[in-house]
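A.B. asks: Sharing run-v2.pdb, PDB, C-alpha atoms:
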```pdb
ATOM      1  CA  MET A 143    -150.932 -25.969-150.571
ATOM      2  CA  SER A 144    -152.658 -22.965-152.102
ATOM      3  CA  ASP A 145    -152.776 -19.480-150.617
ATOM      4  CA  GLU A 146    -156.460 -19.960-149.683
ATOM      5  CA  ASN A 147    -155.862 -23.376-148.077
ATOM      6  CA  ILE A 148    -153.041 -22.025-145.935
ATOM      7  CA  SER A 149    -155.133 -19.124-144.642
ATOM      8  CA  GLN A 150    -158.120 -21.417-143.959
ATOM      9  CA  THR A 151    -155.910 -23.813-142.000
ATOM     10  CA  TYR A 152    -154.586 -21.020-139.786
ATOM     11  CA  LYS A 153    -158.002 -19.397-139.476
ATOM     12  CA  LYS A 154    -159.451 -22.593-138.016
ATOM     13  CA  LYS A 155    -156.603 -23.184-135.555
ATOM     14  CA  LYS A 156    -155.079 -19.935-134.390
ATOM     15  CA  LYS A 157    -154.784 -16.324-135.353
ATOM     16  CA  VAL A 158    -151.978 -15.176-137.608
ATOM     17  CA  CYS A 159    -150.232 -11.864-137.039
ATOM     18  CA  MET A 160    -148.152 -10.107-139.712
ATOM     19  CA  ILE A 161    -145.838  -7.266-138.691
ATOM     20  CA  SER A 162    -144.333  -5.087-141.406
ATOM     21  CA  SER A 163    -142.166  -1.985-141.342
ATOM     22  CA  GLU A 164    -143.800  -0.860-144.570
ATOM     23  CA  LYS A 165    -146.813   1.446-144.492
ATOM     24  CA  VAL A 166    -148.653  -0.556-147.151
ATOM     25  CA  LEU A 167    -149.951  -4.108-147.326
ATOM     26  CA  PRO A 168    -147.702  -6.738-148.948
ATOM     27  CA  TYR A 169    -147.268  -6.378-152.690
ATOM     28  CA  GLU A 170    -145.469  -8.011-155.569
ATOM     29  CA  ARG A 171    -141.927  -6.549-155.560
ATOM     30  CA  PRO A 172    -141.372  -6.917-159.337
ATOM     31  CA  ALA A 173    -144.360  -4.607-159.784
ATOM     32  CA  LEU A 174    -142.278  -1.731-158.389
ATOM     33  CA  SER A 175    -140.195  -1.648-161.558
ATOM     34  CA  LYS A 176    -142.489  -3.297-164.083
ATOM     35  CA  GLY A 177    -145.646  -1.555-162.885
ATOM     36  CA  LEU A 178    -145.195   1.480-160.662
ATOM     37  CA  LEU A 179    -142.175   3.067-162.353
ATOM     38  CA  MET A 180    -143.496   2.329-165.822
ATOM     39  CA  GLY A 181    -146.795   3.994-164.917
ATOM     40  CA  LYS A 182    -148.787   0.800-165.433
ATOM     41  CA  ALA A 183    -149.824  -0.058-161.856
ATOM     42  CA  LYS A 184    -149.925   1.233-158.304
ATOM     43  CA  ILE A 185    -151.282   0.303-154.901
ATOM     44  CA  PRO A 186    -153.785  -1.383-154.514
ATOM     45  CA  ASP A 187    -153.340  -3.020-157.941
ATOM     46  CA  ILE A 188    -150.010  -4.541-156.895
ATOM     47  CA  ASN A 189    -151.291  -5.877-153.528
ATOM     48  CA  THR A 190    -151.741  -9.236-155.158
ATOM     49  CA  CYS A 191    -150.961 -12.878-155.095
ATOM     50  CA  ALA A 192    -149.731 -13.603-158.619
ATOM     51  CA  ALA A 193    -150.371 -17.336-158.275
ATOM     52  CA  ASN A 194    -154.090 -16.744-157.682
ATOM     53  CA  LYS A 195    -154.393 -13.511-159.687
ATOM     54  CA  ALA A 196    -156.166 -12.020-156.678
ATOM     55  CA  THR A 197    -155.937  -8.614-155.046
ATOM     56  CA  HIS A 198    -155.334  -8.818-151.310
ATOM     57  CA  LEU A 199    -156.687  -5.701-149.648
ATOM     58  CA  GLN A 200    -157.133  -5.308-145.867
ATOM     59  CA  GLU A 201    -160.536  -7.014-146.110
ATOM     60  CA  TRP A 202    -158.854 -10.188-147.371
ATOM     61  CA  TYR A 203    -156.542 -10.287-144.337
ATOM     62  CA  ASP A 204    -159.442  -9.576-141.961
ATOM     63  CA  HIS A 205    -161.610 -12.275-143.574
ATOM     64  CA  ASN A 206    -158.792 -14.816-143.261
ATOM     65  CA  GLY A 207    -158.042 -14.065-139.614
ATOM     66  CA  ILE A 208    -154.723 -12.321-140.261
ATOM     67  CA  ARG A 209    -153.988  -9.327-138.026
ATOM     68  CA  THR A 210    -151.770  -6.775-139.781
ATOM     69  CA  TYR A 211    -149.459  -4.297-138.093
ATOM     70  CA  LEU A 212    -148.137  -1.914-140.737
ATOM     71  CA  ASP A 213    -145.487   0.766-140.197
ATOM     72  CA  SER A 214    -144.352  -1.297-137.208
ATOM     73  CA  ARG A 215    -141.140  -2.952-136.050
ATOM     74  CA  VAL A 216    -140.302  -5.740-133.650
ATOM     75  CA  THR A 217    -137.923  -4.146-131.154
ATOM     76  CA  GLU A 218    -137.448  -7.104-128.829
ATOM     77  CA  ILE A 219    -138.201 -10.817-128.680
ATOM     78  CA  ASP A 220    -138.580 -12.550-125.327
ATOM     79  CA  PHE A 221    -138.125 -16.177-126.374
ATOM     80  CA  ASP A 222    -138.617 -17.493-122.840
ATOM     81  CA  HIS A 223    -142.098 -15.955-122.595
ATOM     82  CA  LYS A 224    -142.877 -16.185-126.326
ATOM     83  CA  THR A 225    -143.564 -12.468-126.524
ATOM     84  CA  LEU A 226    -142.784  -9.875-129.185
ATOM     85  CA  PHE A 227    -142.494  -6.202-128.363
ATOM     86  CA  VAL A 228    -143.681  -4.220-131.337
ATOM     87  CA  GLN A 229    -143.253  -0.504-131.911
ATOM     88  CA  CYS A 230    -146.380   0.610-133.791
ATOM     89  CA  HIS A 231    -146.687   3.954-135.556
ATOM     90  CA  ALA A 232    -150.014   5.651-136.197
ATOM     91  CA  SER A 233    -150.607   8.834-138.187
ATOM     92  CA  SER A 234    -153.683  11.000-138.355
ATOM     93  CA  GLY A 235    -153.256  14.090-140.482
ATOM     94  CA  LYS A 236    -150.167  15.918-139.222
ATOM     95  CA  GLU A 237    -150.166  14.097-135.877
ATOM     96  CA  SER A 238    -148.376  10.826-135.304
ATOM     97  CA  SER A 239    -147.824   8.614-132.311
ATOM     98  CA  THR A 240    -145.812   5.573-131.382
ATOM     99  CA  THR A 241    -146.922   2.858-129.006
ATOM    100  CA  THR A 242    -145.328  -0.397-127.957
ATOM    101  CA  LYS A 243    -147.453  -3.541-127.912
ATOM    102  CA  ALA A 244    -146.617  -6.887-126.382
ATOM    103  CA  ILE A 245    -147.802  -9.715-128.622
ATOM    104  CA  GLN A 246    -147.644 -13.318-127.464
ATOM    105  CA  TYR A 247    -147.101 -16.105-129.951
ATOM    106  CA  ALA A 248    -147.276 -19.876-130.086
ATOM    107  CA  LYS A 249    -145.026 -20.179-133.158
ATOM    108  CA  LEU A 250    -142.803 -17.523-134.663
ATOM    109  CA  LEU A 251    -141.595 -17.105-138.227
ATOM    110  CA  LEU A 252    -138.931 -14.446-138.708
ATOM    111  CA  ALA A 253    -138.871 -13.219-142.306
ATOM    112  CA  THR A 254    -136.563 -10.231-142.091
ATOM    113  CA  GLY A 255    -136.393  -9.411-145.790
ATOM    114  CA  ALA A 256    -133.461  -7.602-147.312
ATOM    115  CA  SER A 257    -132.177  -4.113-147.841
ATOM    116  CA  ALA A 258    -130.739  -2.401-150.886
ATOM    117  CA  VAL A 259    -126.983  -2.330-151.289
ATOM    118  CA  LYS A 260    -126.092   1.343-151.017
ATOM    119  CA  LEU A 261    -123.094   3.348-152.136
ATOM    120  CA  SER A 262    -122.508   4.280-148.494
ATOM    121  CA  ASP A 263    -121.969   0.561-147.760
ATOM    122  CA  PHE A 264    -118.709   0.959-149.699
ATOM    123  CA  LYS A 265    -117.858   4.311-148.080
ATOM    124  CA  MET A 266    -118.033   5.977-151.493
ATOM    125  CA  GLU A 267    -117.451   9.704-151.568
ATOM    126  CA  GLY A 268    -120.653  11.596-152.342
ATOM    127  CA  SER A 269    -122.921   8.714-151.382
ATOM    128  CA  HIS A 270    -124.851  11.049-149.065
ATOM    129  CA  LEU A 271    -125.728  13.580-151.789
ATOM    130  CA  ALA A 272    -129.304  14.400-152.743
ATOM    131  CA  GLY A 273    -130.588  12.798-155.905
ATOM    132  CA  ILE A 274    -129.272   9.299-155.216
ATOM    133  CA  HIS A 275    -132.141   6.838-155.021
ATOM    134  CA  TYR A 276    -132.505   3.123-154.387
ATOM    135  CA  LEU A 277    -135.387   0.799-155.195
ATOM    136  CA  ARG A 278    -136.236  -1.736-152.517
ATOM    137  CA  ASP A 279    -139.713  -0.920-151.242
ATOM    138  CA  TYR A 280    -142.847   1.021-152.094
ATOM    139  CA  ASP A 281    -141.682   4.265-150.446
ATOM    140  CA  ASP A 282    -138.451   4.033-152.481
ATOM    141  CA  GLY A 283    -140.535   3.557-155.615
ATOM    142  CA  ILE A 284    -142.704   6.616-154.941
ATOM    143  CA  SER A 285    -139.635   8.745-154.131
ATOM    144  CA  LEU A 286    -137.826   7.570-157.258
ATOM    145  CA  LEU A 287    -140.891   8.106-159.446
ATOM    146  CA  LYS A 288    -141.254  11.715-158.237
ATOM    147  CA  ALA A 289    -137.543  12.370-158.786
ATOM    148  CA  ILE A 290    -137.662  10.951-162.332
ATOM    149  CA  GLU A 291    -140.715  13.055-163.199
ATOM    150  CA  THR A 292    -139.034  16.222-161.871
ATOM    151  CA  VAL A 293    -135.771  15.596-163.725
ATOM    152  CA  GLN A 294    -137.526  14.796-166.993
ATOM    153  CA  LYS A 295    -139.797  17.844-166.686
ATOM    154  CA  ASP A 296    -136.697  20.014-166.237
ATOM    155  CA  GLY A 297    -135.055  18.409-169.299
ATOM    156  CA  GLY A 298    -132.354  16.622-167.318
ATOM    157  CA  ASN A 299    -131.021  13.096-167.540
ATOM    158  CA  VAL A 300    -131.575  10.111-165.301
ATOM    159  CA  VAL A 301    -128.553   7.865-164.825
ATOM    160  CA  VAL A 302    -129.099   4.248-163.792
ATOM    161  CA  ILE A 303    -126.109   2.475-162.275
ATOM    162  CA  GLY A 304    -126.246  -1.281-162.630
ATOM    163  CA  GLY A 305    -127.459  -3.676-165.223
ATOM    164  CA  GLY A 306    -129.885  -5.925-163.437
ATOM    165  CA  PHE A 307    -133.515  -6.765-163.975
ATOM    166  CA  VAL A 308    -134.754  -3.299-162.979
ATOM    167  CA  ALA A 309    -132.356  -1.579-165.382
ATOM    168  CA  PHE A 310    -133.832  -3.571-168.264
ATOM    169  CA  PHE A 311    -137.211  -1.902-167.725
ATOM    170  CA  PHE A 312    -135.639   1.535-167.377
ATOM    171  CA  LYS A 313    -134.132   1.192-170.857
ATOM    172  CA  LYS A 314    -137.634   1.728-172.216
ATOM    173  CA  LYS A 315    -137.585   5.189-170.609
ATOM    174  CA  LYS A 316    -134.373   6.107-172.492
ATOM    175  CA  PHE A 317    -132.267   6.729-169.403
ATOM    176  CA  ILE A 318    -128.476   6.870-169.445
ATOM    177  CA  PHE A 319    -126.869   3.655-168.165
ATOM    178  CA  CYS A 320    -123.611   2.943-166.353
ATOM    179  CA  TYR A 321    -123.019  -0.792-166.135
ATOM    180  CA  CYS A 322    -120.809  -1.945-163.281
TER     181      CYS A 322
END
```
Kindly present the structure from the file in structure tokens form.

C.D. replies:
Amino acid sequence: MSDENISQTYKKKKKVCMISSEKVLPYERPALSKGLLMGKAKIPDINTCAANKATHLQEWYDHNGIRTYLDSRVTEIDFDHKTLFVQCHASSGKESSTTTKAIQYAKLLLATGASAVKLSDFKMEGSHLAGIHYLRDYDDGISLLKAIETVQKDGGNVVVIGGGFVAFFFKKKKFIFCYC
């Protein structure tokens, strides 16, 4: 079933609610390394559905009956009463606030995602030092991009530890690699 057919099915029956801890709408994760860090793409260009080659901005979610809660976290699930308790963050300029909303559901899909494996997970000495970055989400990408730009402007080196998919794209930037 295509992306459009799925959203039309849900739009006709019930409302869909998407809760995300990220501050930005869903995006293609490979675009963090292949687009953002290579300087080829950024939000909203990577808020897409690759299968349909379509950009999904907030208007798309609104049009398809999908309520989005960004920068929010589910703090509790009451399965007996089919209720989520969601901590929602809102920022306006320098002011920010947090509210908790109770959201009832008929059906619940938990898609918890993943987190980056960090040096601190292995209790490595120095894992808390400044200048160590990970790439898992958009905020990580922006932080890493700024750090790379600063180091390169100052004539320093960037060291990439690992040899995965992301490292392949960094090779084009002539970084120093440590394969583990």

A.B. asks: Nearest residue to A:Lys224 out of A:Gln246, A:Thr210, A:Ser257, A:Ser262, using only C-alpha atoms?

C.D. replies: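 For A:Lys224, the nearest of the given residues is A:Gln246.
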
A.B. asks: So which residues are close to (-147.0, -0.1, -140.1), meaning at most 7 Å away in the file's coordinates with only C-alpha atoms counted, and can you show them as a PDB file with C-alpha atoms, keeping the file's coordinate frame?

C.D. replies:
```
ATOM      1  CA  SER A 162    -144.333  -5.087-141.406  1.00  0.00           C
ATOM      2  CA  SER A 163    -142.166  -1.985-141.342  1.00  0.00           C
ATOM      3  CA  GLU A 164    -143.800  -0.860-144.570  1.00  0.00           C
ATOM      4  CA  LYS A 165    -146.813   1.446-144.492  1.00  0.00           C
ATOM      5  CA  TYR A 211    -149.459  -4.297-138.093  1.00  0.00           C
ATOM      6  CA  LEU A 212    -148.137  -1.914-140.737  1.00  0.00           C
ATOM      7  CA  ASP A 213    -145.487   0.766-140.197  1.00  0.00           C
ATOM      8  CA  SER A 214    -144.352  -1.297-137.208  1.00  0.00           C
ATOM      9  CA  CYS A 230    -146.380   0.610-133.791  1.00  0.00           C
ATOM     10  CA  HIS A 231    -146.687   3.954-135.556  1.00  0.00           C
TER      11      HIS A 231
END
```

A.B. asks: Have a look at A:Met160, A:Ile245, A:Met180, A:Leu286 and name the one nearest to A:Val228; count all atoms listed in the file.

C.D. replies: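 Between A:Met160, A:Ile245, A:Met180, A:Leu286, the residue approaching A:Val228 most closely is A:Ile245.
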
A.B. asks: Once you count all atoms listed in the file, which residues end up no further than 12 Å from (-133.8, -4.6, -152.5) in the file's frame, shown as a ChimeraX atom specification?

C.D. replies: /A:171-172,174-175,255-260,275-280,282-283,306-308

A.B. asks: Atom CA of A:His198 and atom CA of A:Tyr169 are how many Å apart?

C.D. replies: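 For atom CA of A:His198 relative to atom CA of A:Tyr169, the distance reads 8.5 Å.
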
A.B. asks: Can you work out which one of A:Lys243, A:Lys176, A:Lys288, A:His270 has the shortest atom-to-atom distance to A:Thr217, counting all atoms listed in the file?

C.D. replies: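 Under the stated criterion, the closest residue is A:Lys243.
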
A.B. asks: Between atom CA of A:Asp281 and atom CA of A:Glu170, what is the spacing in Å?

C.D. replies: 13.8 Å

A.B. asks: Pick from A:Met266, A:Leu167, A:Ala232, A:Val216: nearest to A:Ala253, with all atoms listed in the file counted?

C.D. replies: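 Comparing A:Met266, A:Leu167, A:Ala232, A:Val216 against A:Ala253, the winner is A:Val216.
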
A.B. asks: Which residues fall under the PyMOL selection byres ((chain A and resi 187-190) around 10) in this file, as a ChimeraX atom specification?

C.D. replies: /A:166-174,177-178,182-186,191-200

A.B. asks: Can you work out the spacing between atom CA of A:Ser269 and atom CA of A:Arg215 in Å, to one decimal?

C.D. replies: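 The value is 26.5 Å.
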
A.B. asks: Using the block above, I'd like stretch 227-243 of chain A written out, keeping N, CA and C atoms and formatting it as a PDB file, in the first residue's frame.

C.D. replies:
```
ATOM      1  N   PHE A 227       0.435   9.731  28.239  1.00  0.00           N
ATOM      2  CA  PHE A 227       0.750  11.004  28.870  1.00  0.00           C
ATOM      3  C   PHE A 227       2.010  11.506  28.186  1.00  0.00           C
ATOM      4  N   VAL A 228       1.869  12.659  27.559  1.00  0.00           N
ATOM      5  CA  VAL A 228       2.922  13.189  26.703  1.00  0.00           C
ATOM      6  C   VAL A 228       3.437  14.504  27.254  1.00  0.00           C
ATOM      7  N   GLN A 229       4.753  14.571  27.443  1.00  0.00           N
ATOM      8  CA  GLN A 229       5.390  15.811  27.867  1.00  0.00           C
ATOM      9  C   GLN A 229       5.750  16.575  26.597  1.00  0.00           C
ATOM     10  N   CYS A 230       5.110  17.743  26.435  1.00  0.00           N
ATOM     11  CA  CYS A 230       5.289  18.560  25.225  1.00  0.00           C
ATOM     12  C   CYS A 230       6.085  19.816  25.576  1.00  0.00           C
ATOM     13  N   HIS A 231       7.076  20.108  24.757  1.00  0.00           N
ATOM     14  CA  HIS A 231       7.892  21.305  24.952  1.00  0.00           C
ATOM     15  C   HIS A 231       7.506  22.336  23.900  1.00  0.00           C
ATOM     16  N   ALA A 232       7.461  23.577  24.312  1.00  0.00           N
ATOM     17  CA  ALA A 232       7.177  24.679  23.382  1.00  0.00           C
ATOM     18  C   ALA A 232       8.174  25.793  23.655  1.00  0.00           C
ATOM     19  N   SER A 233       8.728  26.362  22.596  1.00  0.00           N
ATOM     20  CA  SER A 233       9.674  27.469  22.729  1.00  0.00           C
ATOM     21  C   SER A 233       9.192  28.657  21.927  1.00  0.00           C
ATOM     22  N   SER A 234       9.374  29.825  22.510  1.00  0.00           N
ATOM     23  CA  SER A 234       9.040  31.069  21.828  1.00  0.00           C
ATOM     24  C   SER A 234      10.132  32.067  22.197  1.00  0.00           C
ATOM     25  N   GLY A 235      11.058  32.270  21.254  1.00  0.00           N
ATOM     26  CA  GLY A 235      12.181  33.148  21.559  1.00  0.00           C
ATOM     27  C   GLY A 235      13.050  32.507  22.627  1.00  0.00           C
ATOM     28  N   LYS A 236      13.292  33.218  23.709  1.00  0.00           N
ATOM     29  CA  LYS A 236      14.120  32.703  24.801  1.00  0.00           C
ATOM     30  C   LYS A 236      13.298  31.963  25.841  1.00  0.00           C
ATOM     31  N   GLU A 237      11.985  32.029  25.736  1.00  0.00           N
ATOM     32  CA  GLU A 237      11.091  31.395  26.706  1.00  0.00           C
ATOM     33  C   GLU A 237      10.717  29.990  26.225  1.00  0.00           C
ATOM     34  N   SER A 238      10.627  29.079  27.178  1.00  0.00           N
ATOM     35  CA  SER A 238      10.157  27.742  26.845  1.00  0.00           C
ATOM     36  C   SER A 238       9.264  27.241  27.970  1.00  0.00           C
ATOM     37  N   SER A 239       8.391  26.338  27.617  1.00  0.00           N
ATOM     38  CA  SER A 239       7.483  25.774  28.615  1.00  0.00           C
ATOM     39  C   SER A 239       7.274  24.296  28.324  1.00  0.00           C
ATOM     40  N   THR A 240       6.853  23.598  29.349  1.00  0.00           N
ATOM     41  CA  THR A 240       6.568  22.175  29.231  1.00  0.00           C
ATOM     42  C   THR A 240       5.176  21.926  29.789  1.00  0.00           C
ATOM     43  N   THR A 241       4.376  21.206  29.024  1.00  0.00           N
ATOM     44  CA  THR A 241       3.052  20.824  29.481  1.00  0.00           C
ATOM     45  C   THR A 241       2.906  19.316  29.312  1.00  0.00           C
ATOM     46  N   THR A 242       1.997  18.742  30.055  1.00  0.00           N
ATOM     47  CA  THR A 242       1.708  17.323  29.895  1.00  0.00           C
ATOM     48  C   THR A 242       0.293  17.181  29.358  1.00  0.00           C
ATOM     49  N   LYS A 243       0.164  16.416  28.283  1.00  0.00           N
ATOM     50  CA  LYS A 243      -1.143  16.185  27.663  1.00  0.00           C
ATOM     51  C   LYS A 243      -1.499  14.714  27.811  1.00  0.00           C
TER      52      LYS A 243
END
```
